[in-house]
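Peer 1: Data file input25.pdb (PDB, C-alpha atoms) is appended below.
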ATOM      1  CA  MET P 404      38.852  -6.344  20.118
ATOM      2  CA  LEU P 405      38.176  -2.626  19.964
ATOM      3  CA  LYS P 406      39.881  -0.161  22.287
ATOM      4  CA  ARG P 407      38.698   2.860  24.217
ATOM      5  CA  GLY P 408      41.797   4.717  25.425
ATOM      6  CA  SER P 409      44.231   2.052  26.558
ATOM      7  CA  GLN P 410      41.573  -0.456  27.668
ATOM      8  CA  PRO P 411      40.525  -3.228  25.257
ATOM      9  CA  LEU P 412      36.787  -3.616  24.752
ATOM     10  CA  CYS P 413      34.718  -6.473  23.399
ATOM     11  CA  ARG P 414      32.596  -5.545  20.397
ATOM     12  CA  ARG P 415      29.341  -5.531  22.416
ATOM     13  CA  CYS P 416      30.781  -3.174  25.056
ATOM     14  CA  ALA P 417      32.240  -0.952  22.359
ATOM     15  CA  MET P 418      28.870  -0.809  20.646
ATOM     16  CA  LYS P 419      27.121   0.229  23.850
ATOM     17  CA  SER P 420      29.700   2.901  24.611
ATOM     18  CA  ILE P 421      30.019   4.615  21.220
ATOM     19  CA  VAL P 422      26.586   4.122  19.625
ATOM     20  CA  ASP P 423      23.425   5.656  21.045
ATOM     21  CA  THR P 424      21.088   4.210  18.441
ATOM     22  CA  ILE P 425      21.268   1.855  15.491
ATOM     23  CA  LEU P 426      18.871   1.580  12.596
ATOM     24  CA  ILE P 427      17.770  -1.761  11.193
ATOM     25  CA  ALA P 428      15.819  -1.717   7.953
ATOM     26  CA  TYR P 429      14.996  -3.689   4.863
ATOM     27  CA  VAL P 430      16.320  -1.615   1.946
ATOM     28  CA  ALA P 431      15.475  -2.861  -1.532
ATOM     29  CA  VAL P 432      16.575   0.380  -3.191
ATOM     30  CA  PRO P 433      17.668   3.515  -1.280
ATOM     31  CA  HIS P 434      15.025   5.807  -2.778
ATOM     32  CA  ALA P 435      14.128   9.322  -1.613
ATOM     33  CA  GLY P 436      11.815   8.063   1.147
ATOM     34  CA  TYR P 437      14.603   6.000   2.660
ATOM     35  CA  LEU P 438      17.041   8.911   2.449
ATOM     36  CA  LYS P 439      14.693  11.174   4.426
ATOM     37  CA  PHE P 440      14.328   8.425   7.010
ATOM     38  CA  PHE P 441      18.103   7.944   7.183
ATOM     39  CA  ARG P 442      18.854  11.652   7.524
ATOM     40  CA  ALA P 443      16.547  11.859  10.524
ATOM     41  CA  TYR P 444      19.082   9.591  12.272
ATOM     42  CA  GLU P 445      22.265  10.998  10.779
ATOM     43  CA  GLY P 446      25.405   9.899  12.587
ATOM     44  CA  SER P 447      24.040   6.598  13.829
ATOM     45  CA  VAL P 448      24.834   3.075  12.592
ATOM     46  CA  LEU P 449      22.709   1.355   9.947
ATOM     47  CA  TYR P 450      22.186  -2.375   9.575
ATOM     48  CA  ILE P 451      20.547  -3.484   6.324
ATOM     49  CA  LEU P 452      18.659  -6.772   6.482
ATOM     50  CA  GLY P 453      20.777  -9.405   4.772
ATOM     51  CA  ASN P 454      19.623 -12.190   2.500
ATOM     52  CA  GLU P 455      19.454 -14.665   5.381
ATOM     53  CA  PHE P 456      16.566 -12.630   6.797
ATOM     54  CA  ILE P 457      15.018 -11.532   3.494
ATOM     55  CA  LYS P 458      14.413 -15.109   2.358
ATOM     56  CA  GLU P 459      12.186 -15.662   5.400
ATOM     57  CA  PHE P 460       9.629 -13.136   4.102
ATOM     58  CA  PRO P 461       8.014 -14.060   0.756
ATOM     59  CA  SER P 462       6.819 -10.491   0.204
ATOM     60  CA  LEU P 463      10.441  -9.264   0.377
ATOM     61  CA  VAL P 464      11.715 -11.982  -1.934
ATOM     62  CA  ARG P 465       9.110 -10.929  -4.509
ATOM     63  CA  HIS P 466       9.845  -7.261  -3.887
ATOM     64  CA  LEU P 467      13.568  -7.393  -4.611
ATOM     65  CA  PRO P 468      14.210  -5.330  -7.768
ATOM     66  CA  GLY P 469      17.682  -6.733  -8.371
ATOM     67  CA  VAL P 470      19.679  -4.635  -5.890
ATOM     68  CA  THR P 471      21.402  -6.775  -3.282
ATOM     69  CA  PRO P 472      21.869  -5.681   0.344
ATOM     70  CA  GLU P 473      25.583  -5.365  -0.371
ATOM     71  CA  GLU P 474      24.904  -3.004  -3.283
ATOM     72  CA  SER P 475      22.533  -0.936  -1.155
ATOM     73  CA  LYS P 476      25.256  -0.751   1.492
ATOM     74  CA  LYS P 477      27.731   0.722  -0.979
ATOM     75  CA  MET P 478      25.228   3.295  -2.234
ATOM     76  CA  ILE P 479      24.302   4.424   1.262
ATOM     77  CA  GLU P 480      27.917   4.556   2.459
ATOM     78  CA  SER P 481      28.744   6.979  -0.347
ATOM     79  CA  LEU P 482      26.241   9.495   1.064
ATOM     80  CA  GLY P 483      28.097   9.851   4.354
ATOM     81  CA  ILE P 484      24.924   9.851   6.457
ATOM     82  CA  PHE P 485      25.932   7.109   8.896
ATOM     83  CA  THR P 486      29.103   6.487  10.835
ATOM     84  CA  GLU P 487      28.886   2.834   9.801
ATOM     85  CA  VAL P 488      26.753   0.797   7.395
ATOM     86  CA  HIS P 489      26.576  -2.999   7.681
ATOM     87  CA  VAL P 490      24.636  -5.854   6.160
ATOM     88  CA  LEU P 491      22.950  -7.595   9.062
ATOM     89  CA  ALA P 492      23.795 -11.265   9.418
ATOM     90  CA  PRO P 493      22.610 -13.726  12.092
ATOM     91  CA  ALA P 494      26.051 -13.731  13.726
ATOM     92  CA  VAL P 495      25.658 -10.027  14.635
ATOM     93  CA  LEU P 496      22.320 -10.371  16.427
ATOM     94  CA  ASP P 497      23.927 -10.958  19.817
ATOM     95  CA  VAL P 498      25.852  -7.699  19.429
ATOM     96  CA  ILE P 499      22.852  -5.480  18.801
ATOM     97  CA  LYS P 500      20.464  -6.874  21.417
ATOM     98  CA  ASP P 501      21.634  -4.492  24.141
ATOM     99  CA  VAL P 502      21.623  -1.359  21.954
ATOM    100  CA  PRO P 503      18.568   0.898  21.355
ATOM    101  CA  VAL P 504      17.193   0.083  17.921
ATOM    102  CA  VAL P 505      15.023   2.082  15.500
ATOM    103  CA  MET P 506      13.129   0.324  12.714
ATOM    104  CA  PRO P 507      10.525   1.496  10.193
ATOM    105  CA  ASP P 508       7.029   0.709  11.421
ATOM    106  CA  GLU P 509       6.051  -2.059   9.016
ATOM    107  CA  ASP P 510       5.050  -5.698   9.245
ATOM    108  CA  VAL P 511       8.504  -7.164   8.567
ATOM    109  CA  SER P 512      10.090  -5.031  11.293
ATOM    110  CA  HIS P 513       7.634  -6.281  13.900
ATOM    111  CA  ALA P 514       8.084  -9.896  12.808
ATOM    112  CA  PHE P 515      11.874  -9.517  12.901
ATOM    113  CA  VAL P 516      11.866  -8.104  16.431
ATOM    114  CA  GLU P 517       9.489 -10.759  17.702
ATOM    115  CA  LYS P 518      11.587 -13.592  16.284
ATOM    116  CA  TYR P 519      15.149 -12.358  16.777
ATOM    117  CA  LEU P 520      15.310  -9.609  19.405
ATOM    118  CA  GLY P 521      12.544 -10.543  21.815
ATOM    119  CA  SER P 522      10.114  -8.561  23.925
ATOM    120  CA  ASN P 523      12.847  -7.124  26.164
ATOM    121  CA  ALA P 524      14.678  -5.395  23.313
ATOM    122  CA  SER P 525      14.733  -1.601  23.241
ATOM    123  CA  VAL P 526      13.078  -0.980  19.874
ATOM    124  CA  THR P 527      11.347   2.117  18.508
ATOM    125  CA  PHE P 528       9.120   1.680  15.463
ATOM    126  CA  ASP P 529       9.163   4.916  13.466
ATOM    127  CA  GLY P 530       5.928   5.277  11.529
ATOM    128  CA  SER P 531       6.723   8.683  10.036
ATOM    129  CA  TRP P 532       7.856   7.201   6.748
ATOM    130  CA  ARG P 533       6.109   5.096   4.116
ATOM    131  CA  LEU P 534       8.996   3.215   2.577
ATOM    132  CA  ARG P 535       7.255   0.382   0.750
ATOM    133  CA  TRP P 536       3.877  -1.269   0.239
ATOM    134  CA  ASP P 537       3.852  -3.510   3.286
ATOM    135  CA  TRP P 538       0.679  -5.291   4.394
ATOM    136  CA  GLY P 539      -0.423  -2.458   6.649
ATOM    137  CA  ALA P 540      -0.034   0.127   3.896
ATOM    138  CA  THR P 541      -1.975  -1.876   1.352
ATOM    139  CA  GLN P 542      -4.823  -2.462   3.793
ATOM    140  CA  MET P 543      -5.172   1.215   4.632
ATOM    141  CA  ARG P 544      -8.503   2.713   3.680
ATOM    142  CA  ARG P 545      -7.247   6.108   2.691
ATOM    143  CA  ARG P 546      -9.494   8.923   1.611
ATOM    144  CA  PRO P 547      -8.526  11.424  -1.073
ATOM    145  CA  GLU P 548      -7.483  14.853   0.110
ATOM    146  CA  ARG P 549      -9.956  17.681  -0.408
ATOM    147  CA  GLU P 550     -12.953  15.403  -0.874
ATOM    148  CA  CYS P 551     -15.844  17.724  -1.604
ATOM    149  CA  ARG P 552     -18.273  16.628   1.054
ATOM    150  CA  VAL P 553     -19.768  13.749   3.014
ATOM    151  CA  SER P 554     -23.285  12.664   2.161
ATOM    152  CA  THR P 555     -25.810  11.205   4.559
ATOM    153  CA  ASP P 556     -28.605  11.605   2.030
ATOM    154  CA  GLU P 557     -31.007   8.671   2.086
ATOM    155  CA  PHE P 558     -31.013   8.385  -1.698
ATOM    156  CA  ASP P 559     -27.218   8.177  -1.819
ATOM    157  CA  ARG P 560     -27.275   5.519   0.888
ATOM    158  CA  GLU P 561     -29.843   3.527  -1.056
ATOM    159  CA  MET P 562     -27.715   3.710  -4.211
ATOM    160  CA  MET P 563     -24.614   2.692  -2.276
ATOM    161  CA  SER P 564     -26.518  -0.202  -0.713
ATOM    162  CA  LEU P 565     -27.423  -1.254  -4.246
ATOM    163  CA  ALA P 566     -23.732  -1.117  -5.185
ATOM    164  CA  TYR P 567     -22.863  -3.233  -2.139
ATOM    165  CA  GLY P 568     -25.468  -5.744  -3.223
ATOM    166  CA  PHE P 569     -23.756  -6.082  -6.594
ATOM    167  CA  ALA P 570     -20.351  -6.321  -4.913
ATOM    168  CA  GLN P 571     -21.491  -9.464  -3.099
ATOM    169  CA  LYS P 572     -21.989 -11.135  -6.468
ATOM    170  CA  SER P 573     -18.320 -10.680  -7.375
ATOM    171  CA  PRO P 574     -16.368 -13.951  -7.648
ATOM    172  CA  ASP P 575     -13.074 -12.088  -7.094
ATOM    173  CA  TRP P 576     -11.482 -13.546  -3.957
ATOM    174  CA  TRP P 577      -9.121 -10.557  -3.762
ATOM    175  CA  ARG P 578     -11.589  -7.695  -3.416
ATOM    176  CA  GLN P 579     -15.307  -7.398  -4.128
ATOM    177  CA  ILE P 580     -16.424  -4.103  -5.673
ATOM    178  CA  GLY P 581     -19.820  -2.947  -6.863
ATOM    179  CA  ALA P 582     -20.644   0.107  -8.988
ATOM    180  CA  VAL P 583     -23.875   1.786 -10.132
ATOM    181  CA  LEU P 584     -23.931   4.420 -12.873
ATOM    182  CA  MET P 585     -26.990   6.637 -13.320
ATOM    183  CA  THR P 586     -27.916   9.384 -15.768
ATOM    184  CA  ARG P 587     -29.631  12.449 -14.301
ATOM    185  CA  PRO P 588     -30.620  10.941 -10.928
ATOM    186  CA  LYS P 589     -34.054  11.680  -9.470
ATOM    187  CA  VAL P 590     -35.632  12.430 -12.867
ATOM    188  CA  LEU P 591     -38.143  10.358 -14.812
ATOM    189  CA  ASN P 592     -36.759   7.093 -16.213
ATOM    190  CA  PRO P 593     -33.010   7.568 -15.697
ATOM    191  CA  SER P 594     -30.668   5.034 -17.309
ATOM    192  CA  VAL P 595     -28.955   2.790 -14.789
ATOM    193  CA  VAL P 596     -25.958   0.507 -15.310
ATOM    194  CA  SER P 597     -24.706  -1.774 -12.521
ATOM    195  CA  LYS P 598     -21.608  -3.974 -12.441
ATOM    196  CA  PHE P 599     -19.288  -5.829 -10.093
ATOM    197  CA  ASN P 600     -15.661  -6.745 -10.635
ATOM    198  CA  GLN P 601     -15.407 -10.080 -12.388
ATOM    199  CA  HIS P 602     -12.838 -12.275 -14.038
ATOM    200  CA  ILE P 603     -12.680 -12.399 -17.816
ATOM    201  CA  PRO P 604     -13.228 -13.973 -20.268
ATOM    202  CA  SER P 605     -15.322 -16.007 -17.794
ATOM    203  CA  GLU P 606     -15.813 -16.235 -14.057
ATOM    204  CA  GLN P 607     -14.143 -19.648 -14.093
ATOM    205  CA  SER P 608     -10.922 -18.392 -15.732
ATOM    206  CA  VAL P 609      -8.915 -18.126 -12.511
ATOM    207  CA  TYR P 610      -9.880 -21.646 -11.506
ATOM    208  CA  CYS P 611      -8.689 -22.995 -14.856
ATOM    209  CA  TYR P 612      -5.554 -20.916 -15.357
ATOM    210  CA  GLY P 613      -4.781 -19.310 -11.986
ATOM    211  CA  ASP P 614      -4.822 -15.655 -11.005
ATOM    212  CA  PRO P 615      -1.769 -13.442 -11.731
ATOM    213  CA  ARG P 616      -2.727 -11.367  -8.652
ATOM    214  CA  SER P 617      -1.491 -14.237  -6.451
ATOM    215  CA  ASN P 618       2.073 -13.136  -7.228
ATOM    216  CA  PHE P 619       1.604  -9.701  -5.675
ATOM    217  CA  GLU P 620       0.614  -8.044  -2.448
ATOM    218  CA  PRO P 621      -2.487  -5.795  -2.370
ATOM    219  CA  GLY P 622      -1.824  -2.523  -4.175
ATOM    220  CA  GLN P 623       1.201  -3.825  -6.072
ATOM    221  CA  SER P 624       1.172  -4.077  -9.883
ATOM    222  CA  ILE P 625      -2.584  -3.696 -10.098
ATOM    223  CA  GLU P 626      -2.384  -3.855 -13.892
ATOM    224  CA  PHE P 627      -1.655  -7.587 -13.627
ATOM    225  CA  SER P 628      -5.181  -8.863 -13.183
ATOM    226  CA  SER P 629      -7.627 -11.097 -14.984
ATOM    227  CA  ALA P 630     -10.547  -9.137 -13.533
ATOM    228  CA  LEU P 631     -12.535  -6.345 -15.134
ATOM    229  CA  HIS P 632     -13.000  -3.669 -12.494
ATOM    230  CA  ALA P 633     -16.554  -2.610 -11.708
ATOM    231  CA  GLU P 634     -16.001   1.030 -12.698
ATOM    232  CA  ALA P 635     -14.512   0.055 -16.055
ATOM    233  CA  GLY P 636     -17.358  -2.400 -16.515
ATOM    234  CA  VAL P 637     -20.147   0.157 -16.091
ATOM    235  CA  ILE P 638     -18.439   2.653 -18.403
ATOM    236  CA  ALA P 639     -17.941  -0.028 -21.072
ATOM    237  CA  GLU P 640     -21.539  -1.225 -20.683
ATOM    238  CA  ALA P 641     -22.817   2.339 -20.981
ATOM    239  CA  ALA P 642     -20.844   2.741 -24.214
ATOM    240  CA  ARG P 643     -22.244  -0.555 -25.543
ATOM    241  CA  ARG P 644     -25.798   0.573 -24.807
ATOM    242  CA  GLY P 645     -25.254   4.034 -26.274
ATOM    243  CA  ILE P 646     -25.616   5.819 -22.936
ATOM    244  CA  CYS P 647     -23.716   9.102 -22.730
ATOM    245  CA  THR P 648     -21.666   9.151 -19.516
ATOM    246  CA  LYS P 649     -21.273  12.928 -19.494
ATOM    247  CA  GLY P 650     -23.031  14.302 -16.432
ATOM    248  CA  CYS P 651     -23.654  10.852 -14.930
ATOM    249  CA  TYR P 652     -23.360  10.000 -11.240
ATOM    250  CA  LEU P 653     -21.363   6.953 -10.151
ATOM    251  CA  TRP P 654     -21.680   5.118  -6.837
ATOM    252  CA  VAL P 655     -18.827   2.705  -6.123
ATOM    253  CA  THR P 656     -18.265   0.794  -2.902
ATOM    254  CA  THR P 657     -14.495   1.447  -2.753
ATOM    255  CA  PHE P 658     -12.622   4.488  -4.036
ATOM    256  CA  PRO P 659     -11.367   3.697  -7.558
ATOM    257  CA  CYS P 660      -7.839   2.538  -8.279
ATOM    258  CA  PRO P 661      -5.862   5.073 -10.376
ATOM    259  CA  PRO P 662      -6.635   3.523 -13.817
ATOM    260  CA  CYS P 663     -10.373   3.403 -13.043
ATOM    261  CA  ALA P 664     -10.247   6.934 -11.646
ATOM    262  CA  TYR P 665      -8.744   8.084 -14.946
ATOM    263  CA  LEU P 666     -11.571   6.381 -16.869
ATOM    264  CA  CYS P 667     -14.143   8.090 -14.676
ATOM    265  CA  ALA P 668     -12.459  11.464 -15.053
ATOM    266  CA  PHE P 669     -12.258  11.340 -18.850
ATOM    267  CA  SER P 670     -15.701   9.802 -19.377
ATOM    268  CA  GLY P 671     -17.406  12.972 -18.180
ATOM    269  CA  ILE P 672     -18.860  11.610 -14.948
ATOM    270  CA  GLN P 673     -20.064  14.541 -12.858
ATOM    271  CA  ARG P 674     -20.112  13.045  -9.377
ATOM    272  CA  LEU P 675     -18.285  10.074  -7.892
ATOM    273  CA  TYR P 676     -19.677   8.660  -4.664
ATOM    274  CA  TYR P 677     -17.679   6.143  -2.635
ATOM    275  CA  ALA P 678     -18.018   4.510   0.786
ATOM    276  CA  ASP P 679     -14.726   2.762   1.594
ATOM    277  CA  GLY P 680     -11.243   4.198   1.156
ATOM    278  CA  TYR P 681      -8.446   2.509  -0.768
ATOM    279  CA  ALA P 682      -4.674   2.268  -0.414
ATOM    280  CA  LEU P 683      -4.050   4.121  -3.696
ATOM    281  CA  VAL P 684      -5.950   7.408  -4.021
ATOM    282  CA  SER P 685      -3.643   9.250  -6.416
ATOM    283  CA  GLY P 686      -6.366   9.168  -9.061
ATOM    284  CA  ALA P 687      -8.265  11.787  -7.040
ATOM    285  CA  GLU P 688      -6.084  14.560  -8.459
ATOM    286  CA  VAL P 689      -7.102  13.671 -12.014
ATOM    287  CA  LEU P 690     -10.765  13.445 -11.025
ATOM    288  CA  GLN P 691     -10.651  16.860  -9.400
ATOM    289  CA  ALA P 692      -8.743  18.348 -12.329
ATOM    290  CA  LYS P 693     -11.552  17.192 -14.619
ATOM    291  CA  GLY P 694     -14.188  18.755 -12.379
ATOM    292  CA  VAL P 695     -15.528  15.528 -10.891
ATOM    293  CA  GLU P 696     -17.115  16.086  -7.494
ATOM    294  CA  ILE P 697     -15.902  13.451  -5.016
ATOM    295  CA  ILE P 698     -18.402  12.590  -2.293
ATOM    296  CA  ARG P 699     -18.046  10.035   0.490
ATOM    297  CA  VAL P 700     -21.287   8.372   1.507
ATOM    298  CA  GLU P 701     -21.555   7.851   5.249
ATOM    299  CA  MET P 702     -23.333   4.518   5.561
TER     300      MET P 702
END
Could the structure of this file be written out as C-alpha cells, please?

Peer 2:
Amino acid sequence: MLKRGSQPLCRRCAMKSIVDTILIAYVAVPHAGYLKFFRAYEGSVLYILGNEFIKEFPSLVRHLPGVTPEESKKMIESLGIFTEVHVLAPAVLDVIKDVPVVMPDEDVSHAFVEKYLGSNASVTFDGSWRLRWDWGATQMRRRPERECRVSTDEFDREMMSLAYGFAQKSPDWWRQIGAVLMTRPKVLNPSVVSKFNQHIPSEQSVYCYGDPRSNFEPGQSIEFSSALHAEAGVIAEAARRGICTKGCYLWVTTFPCPPCAYLCAFSGIQRLYYADGYALVSGAEVLQAKGVEIIRVEM
C-alpha cells in the first residue's frame, strides 16, 4: 500500500493520483534519439518493455545488441529524467491501464496496445522521434533533401520505363531494382548498359544456400546480401567493356542505398535519375558533394 496523507492507497489509485502520464517504450540502447524523446516527457514515469514482451516480437529479439532491459533501466535512472523507471512485466499491466500512456509511434507499440491495453486505453503515439528501424521506417520512400529538380521529360520517362522493365527480371524476392547507364544521352550511338539486382554467383544461389537477408528487416545490415545491386552491376559492366563512366547519366528505379550512392558519386556519373524513394538516403550528401545532379522522374 502507498499512502497519500494519512489515507492508504492501492497502487492503482496512487498511480492515478500522482502520475499524469507514463511512457512505455522498447529500449535496446538509450541512444541520443531516445534521450531527446525522454526529455520531452521529463518528470513522468517510464516503463521499459521487459523480456516477456520482447520475445513476442522476432524483430526485437534480433535487434537486441546485448543490453538487457534491466541494464537500460540503470542507465536511464542515472540521468535523473524520470521520477521512476521500471521494467514492464505482465503483472503490472493492470496497474497502468487506467493511466494516460505515451508510446513511440512504431509497429511494436501499436501491436502491444492492441494485445495488452485494448481499444479503450488512453494512449498517445508520438511520431516525432525515429528511434529504430521498425517496419514503417524501413518501408518509407524517402527522398533526398535538396534534390535538384523533378523531370517530366518524355525521354527520361522512357529511360525509367526501360529501367523498370529490367527490374521485373530481377529474381530478388526482397526488392527488384533496375538501372540503365548511358553515355552522352541524345547523341549518335551512345553506349548503354542495363542491369537488375541479381544473386551471385548464380540466380539459384539463394535457393541452394539460403539468403542472409532473411535474418534482417528491410534497411538493416544491407551489406549482408548475396545480391549484386543494379547500380553496382552497371558500373562494373561499364568497366569491363571499357566504357568511361565520367559524365554518364544513370536511371535507377529506386534511390540508391548508401554504398551504391558512393559508387555512383566516385565513378564520375553526372546525373542520377530515380523514381521511387528509399528508406536510407544518406548517400545523397556524397552524391551532391561530388557534383552529381539528383533528379526525380515523375512517372

Peer 1: Need the shell around Gly636 (chain P): protein/DNA/RNA residues with any atom at most 10 Å away, counting only C-alpha atoms. Skip same-chain ones fewer than 2 positions apart. Format as a PyMOL selection string?

Peer 2: chain P and resi 581-582+596-601+631-634+638-642+663

Peer 1: Just want the 12 Å neighbourhood of Glu480 (chain P), counted on all atoms listed in the file, with same-chain residues fewer than 4 positions away dropped. Output as a count of residues only.

Peer 2: 20

Peer 1: Applying 12 Å and all atoms listed in the file, which residues near Leu520 (chain P) remain after dropping the ones on its own chain fewer than 2 positions away? List them as a ChimeraX atom specification.

Peer 2: /P:427,493,495-504,512-518,522-526

Peer 1: Would you mind reading off the distance between CA of Lys458 (chain P) and CA of Ala443 (chain P), one decimal, in Å?

Peer 2: 28.3 Å

Peer 1: Asp559 (chain P): which residues within 10 Å, counting all atoms listed in the file, same-chain residues fewer than 2 positions away excluded, as a list in words?

Peer 2: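 The residues satisfying every condition are Ser554, Thr555, Asp556, Glu557, Glu561, Met562, Met563, Ser564, Leu565, Trp654, Tyr676, Tyr677, Ile698, Arg699, Val700, Glu701 and Met702 of chain P.
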
Peer 1: Restricted to C-alpha atoms, what would the selected residues look like written as a compact mmCIF listing (two decimals), in the coordinates of the input?

Peer 2:
# COMPACT_ATOMS: atom_id res chain seq x y z
CA SER P 554 -23.28 12.66 2.16
CA THR P 555 -25.81 11.20 4.56
CA ASP P 556 -28.60 11.60 2.03
CA GLU P 557 -31.01 8.67 2.09
CA GLU P 561 -29.84 3.53 -1.06
CA MET P 562 -27.72 3.71 -4.21
CA MET P 563 -24.61 2.69 -2.28
CA SER P 564 -26.52 -0.20 -0.71
CA LEU P 565 -27.42 -1.25 -4.25
CA TRP P 654 -21.68 5.12 -6.84
CA TYR P 676 -19.68 8.66 -4.66
CA TYR P 677 -17.68 6.14 -2.64
CA ILE P 698 -18.40 12.59 -2.29
CA ARG P 699 -18.05 10.04 0.49
CA VAL P 700 -21.29 8.37 1.51
CA GLU P 701 -21.56 7.85 5.25
CA MET P 702 -23.33 4.52 5.56

Peer 1: Using the chain letters and residue numbers of this document, give as a PyMOL selection string the residues selected by the PyMOL selection byres ((chain P and resi 440) around 10).

Peer 2: chain P and resi 426+435-439+441-445+506-507+529+531-534

Peer 1: Padding of 3 Å on every side, edges along x, y and z, all listed atoms of region 657-662 of chain P included: what centre and edge lengths in Å, to one decimal, does that box have, as lines of an AutoDock Vina configuration file?

Peer 2:
center_x = -10.2
center_y = 3.3
center_z = -8.3
size_x = 14.6
size_y = 9.6
size_z = 17.1

Peer 1: So, with all atoms listed in the file as the atoms that count, which of P:Ala428, P:Leu452, P:Leu653, P:Ile457 lies closest to Phe528 (chain P)?

Peer 2: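 Under the stated criterion, the closest residue is P:Ala428.
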
Peer 1: Env of Val689 (chain P): 7 Å cut, atoms = only C-alpha atoms, seq-sep filter 3 positions within chain, self excluded. Answer as a PyMOL selection string.

Peer 2: chain P and resi 665+668+686+692-693

Peer 1: What is the CA of Asp508 (chain P)-CA of Asp679 (chain P) distance in Å, reported with one decimal?

Peer 2: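 So the two atoms, CA of Asp508 (chain P) and CA of Asp679 (chain P), lie 24.0 Å apart.
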